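Chemist: This structure is in structure tokens; I'll ask about it shortly.
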Amino acid sequence: MAHGGAVAPAIDPDWGEPGLTPAEKVYGWNTFEVLAFKTGNPENPVNAIPPRAVAHCQIRYVVGSDEEHFLPALRRHLDERGFAMVEIAPPPDGNAAGFLASRLLGLVRSVAIADSFGDSPELGAYWVAFRLPDLIFQLLAGATLGSAFIPTFARLFTKHSEEDAWRLASSVLNLVFGATIVVAILGFLFAPLLVPAMAPGLTERGLAIELTRIMMLSP
């Protein structure tokens, strides 16, 4: 099982539910993970025990889990072990608000485009041209950074060393940047072949190819 590269830590054999394989421990059960942890003032440490600490955590859970029970279960777990002084709280509303705002802006964009173009062939060409750059973004940025890189970076940062974490970040971001450039160039060159394959019956094929090339090279 891959562990995330040469600088990533190996999975502790004692970690996770006993009796499960390493793959099952990662993908087949619910896990509580510490993403970042801070106590005291790392920039100006003093010779004393810090009075407080803050940790940002996440719960990775499988389909069928009731997320409404997560915080009460954590509260019981802490109280039963004598950590009643530890406060836990859900993520700030800003996270959900940002996600909702992005979805609403996307909806407004779709309504504005539909109002301007209706069901014209030009609108069909736009949506076809939008597919390929969006797919590349979801694969490179969404899958690579969101699902794989961020948890690994957080684990390295909190459990190993900042140097290893930032070295991994530099390697991954450079790799994603280089892969994006290569894929964008290939998409630009092969747009005349890719667009007909994605939309065989499209009437405005030339416009879709042109828009695809523009979107592939846009920032």
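We label chains A, B, ... in the order they appear in the structure tokens, count residues from 1 in each chain, and number ligands from 1 in the order shown.
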Would you please extract all alpha helix (DSSP H) residues from stretch 13-113 of chain A, as assigned by DSSP on the backbone, and give them as a ChimeraX atom specification?
Modeler: /A:22-27,70-80,93-113
Chemist: Take the residues from that selection and put them in a file with N, CA, C and O atoms, as a compact mmCIF listing (two decimals), in the first residue's frame.
Modeler:
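Written file, part.txt:
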# COMPACT_ATOMS: atom_id res chain seq x y z
N PRO A 22 -4.59 -2.46 6.39
CA PRO A 22 -4.25 -1.03 6.27
C PRO A 22 -5.20 -0.27 5.36
O PRO A 22 -5.57 0.87 5.65
N ALA A 23 -5.61 -0.88 4.24
CA ALA A 23 -6.54 -0.20 3.33
C ALA A 23 -7.89 0.04 4.00
O ALA A 23 -8.49 1.11 3.87
N GLU A 24 -8.38 -0.96 4.76
CA GLU A 24 -9.65 -0.80 5.46
C GLU A 24 -9.56 0.27 6.54
O GLU A 24 -10.51 1.02 6.77
N LYS A 25 -8.41 0.37 7.20
CA LYS A 25 -8.24 1.39 8.23
C LYS A 25 -8.29 2.79 7.65
O LYS A 25 -8.75 3.73 8.29
N VAL A 26 -7.81 2.96 6.42
CA VAL A 26 -7.79 4.28 5.79
C VAL A 26 -9.13 4.62 5.16
O VAL A 26 -9.65 5.73 5.29
N TYR A 27 -9.73 3.64 4.45
CA TYR A 27 -10.90 3.94 3.63
C TYR A 27 -12.21 3.35 4.17
O TYR A 27 -13.28 3.77 3.74
N PHE A 70 -21.49 12.86 15.89
CA PHE A 70 -20.05 12.92 16.06
C PHE A 70 -19.65 13.74 17.30
O PHE A 70 -18.88 13.28 18.14
N LEU A 71 -20.13 14.97 17.38
CA LEU A 71 -19.74 15.83 18.50
C LEU A 71 -20.20 15.27 19.85
O LEU A 71 -19.42 15.26 20.81
N PRO A 72 -21.46 14.80 19.98
CA PRO A 72 -21.84 14.19 21.26
C PRO A 72 -20.98 12.99 21.64
O PRO A 72 -20.65 12.80 22.81
N ALA A 73 -20.60 12.18 20.63
CA ALA A 73 -19.75 11.02 20.93
C ALA A 73 -18.36 11.46 21.40
O ALA A 73 -17.79 10.88 22.34
N LEU A 74 -17.81 12.49 20.77
CA LEU A 74 -16.51 13.01 21.21
C LEU A 74 -16.61 13.59 22.61
O LEU A 74 -15.70 13.41 23.44
N ARG A 75 -17.71 14.29 22.90
CA ARG A 75 -17.89 14.86 24.23
C ARG A 75 -17.93 13.77 25.31
O ARG A 75 -17.29 13.90 26.36
N ARG A 76 -18.66 12.70 25.04
CA ARG A 76 -18.72 11.60 26.00
C ARG A 76 -17.35 10.97 26.19
O ARG A 76 -16.95 10.62 27.31
N HIS A 77 -16.63 10.78 25.09
CA HIS A 77 -15.31 10.16 25.15
C HIS A 77 -14.37 10.98 26.02
O HIS A 77 -13.63 10.43 26.86
N LEU A 78 -14.36 12.29 25.85
CA LEU A 78 -13.48 13.14 26.64
C LEU A 78 -13.90 13.17 28.11
O LEU A 78 -13.05 13.09 29.00
N ASP A 79 -15.19 13.28 28.34
CA ASP A 79 -15.67 13.35 29.74
C ASP A 79 -15.37 12.06 30.50
O ASP A 79 -14.97 12.11 31.67
N GLU A 80 -15.53 10.93 29.85
CA GLU A 80 -15.30 9.65 30.52
C GLU A 80 -13.83 9.45 30.88
O GLU A 80 -13.51 8.65 31.77
N ASP A 93 -19.02 29.00 10.93
CA ASP A 93 -20.03 29.10 9.88
C ASP A 93 -19.44 29.62 8.57
O ASP A 93 -20.02 29.43 7.52
N GLY A 94 -18.28 30.26 8.66
CA GLY A 94 -17.69 30.81 7.44
C GLY A 94 -17.37 29.75 6.41
O GLY A 94 -17.43 30.00 5.20
N ASN A 95 -17.01 28.54 6.85
CA ASN A 95 -16.71 27.47 5.90
C ASN A 95 -17.94 27.12 5.09
O ASN A 95 -17.90 27.02 3.86
N ALA A 96 -19.06 26.89 5.79
CA ALA A 96 -20.29 26.56 5.10
C ALA A 96 -20.79 27.73 4.26
O ALA A 96 -21.30 27.55 3.15
N ALA A 97 -20.62 28.96 4.81
CA ALA A 97 -21.07 30.14 4.07
C ALA A 97 -20.29 30.31 2.77
O ALA A 97 -20.85 30.66 1.73
N GLY A 98 -18.97 30.06 2.84
CA GLY A 98 -18.16 30.17 1.63
C GLY A 98 -18.57 29.15 0.58
O GLY A 98 -18.65 29.47 -0.61
N PHE A 99 -18.82 27.92 1.04
CA PHE A 99 -19.25 26.88 0.11
C PHE A 99 -20.60 27.25 -0.52
O PHE A 99 -20.79 27.13 -1.73
N LEU A 100 -21.54 27.72 0.34
CA LEU A 100 -22.85 28.10 -0.17
C LEU A 100 -22.76 29.26 -1.14
O LEU A 100 -23.43 29.28 -2.19
N ALA A 101 -21.89 30.25 -0.81
CA ALA A 101 -21.74 31.41 -1.70
C ALA A 101 -21.20 30.99 -3.06
O ALA A 101 -21.65 31.50 -4.10
N SER A 102 -20.24 30.07 -3.08
CA SER A 102 -19.70 29.63 -4.36
C SER A 102 -20.75 28.93 -5.20
O SER A 102 -20.81 29.11 -6.42
N ARG A 103 -21.61 28.13 -4.54
CA ARG A 103 -22.67 27.45 -5.27
C ARG A 103 -23.70 28.44 -5.80
O ARG A 103 -24.18 28.31 -6.93
N LEU A 104 -24.02 29.45 -4.98
CA LEU A 104 -25.00 30.46 -5.42
C LEU A 104 -24.46 31.28 -6.58
O LEU A 104 -25.19 31.59 -7.53
N LEU A 105 -23.17 31.62 -6.52
CA LEU A 105 -22.58 32.37 -7.63
C LEU A 105 -22.56 31.54 -8.91
O LEU A 105 -22.78 32.06 -10.00
N GLY A 106 -22.30 30.24 -8.75
CA GLY A 106 -22.36 29.37 -9.92
C GLY A 106 -23.75 29.31 -10.51
O GLY A 106 -23.93 29.29 -11.74
N LEU A 107 -24.77 29.28 -9.64
CA LEU A 107 -26.15 29.29 -10.11
C LEU A 107 -26.48 30.59 -10.83
O LEU A 107 -27.12 30.59 -11.89
N VAL A 108 -26.04 31.72 -10.26
CA VAL A 108 -26.27 33.02 -10.90
C VAL A 108 -25.60 33.07 -12.27
O VAL A 108 -26.17 33.58 -13.24
N ARG A 109 -24.38 32.53 -12.35
CA ARG A 109 -23.69 32.49 -13.64
C ARG A 109 -24.48 31.70 -14.66
O ARG A 109 -24.67 32.14 -15.81
N SER A 110 -24.98 30.54 -14.26
CA SER A 110 -25.75 29.70 -15.18
C SER A 110 -27.03 30.40 -15.63
O SER A 110 -27.40 30.35 -16.81
N VAL A 111 -27.71 31.08 -14.70
CA VAL A 111 -28.95 31.79 -15.04
C VAL A 111 -28.65 32.94 -16.00
O VAL A 111 -29.38 33.16 -16.98
N ALA A 112 -27.56 33.68 -15.74
CA ALA A 112 -27.20 34.80 -16.61
C ALA A 112 -26.86 34.33 -18.02
O ALA A 112 -27.28 34.94 -19.02
N ILE A 113 -26.12 33.23 -18.10
CA ILE A 113 -25.76 32.70 -19.42
C ILE A 113 -27.01 32.21 -20.15
O ILE A 113 -27.20 32.48 -21.35
Chemist: List as a ChimeraX atom specification the protein and nucleic acid residues near A:Ala48, meaning an atom at most 12 Å away when only C-alpha atoms are counted, but skip any in the same chain fewer than 6 places from it.
Modeler: /A:39-41
Chemist: Restrict the calculation to only C-alpha atoms, then for each residue of stretch 24-117 of chain A with any atom at most 8 Å from an atom of stretch 156-168 of chain A give the closest atom pair and their distance in Å to one decimal, rows by chain and rising residue number, as a Markdown table.
Modeler:
| residue | atom | partner | partner_atom | distance |
| --- | --- | --- | --- | --- |
| A:Val34 | CA | A:Thr158 | CA | 7.8 |
| A:Leu35 | CA | A:Thr158 | CA | 7.1 |
| A:Ala36 | CA | A:Thr158 | CA | 5.8 |
| A:Phe37 | CA | A:Thr158 | CA | 6.4 |
Chemist: Distance atom CA of A:Glu122-atom CA of A:Glu204, one decimal place?
Modeler: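 So the answer is 6.6 Å.
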Chemist: Quick one: pick out all strand (DSSP E or B) residues within chain A from a backbone DSSP run and write them as number ranges by chain.
Modeler: A: 31-39, 53-60
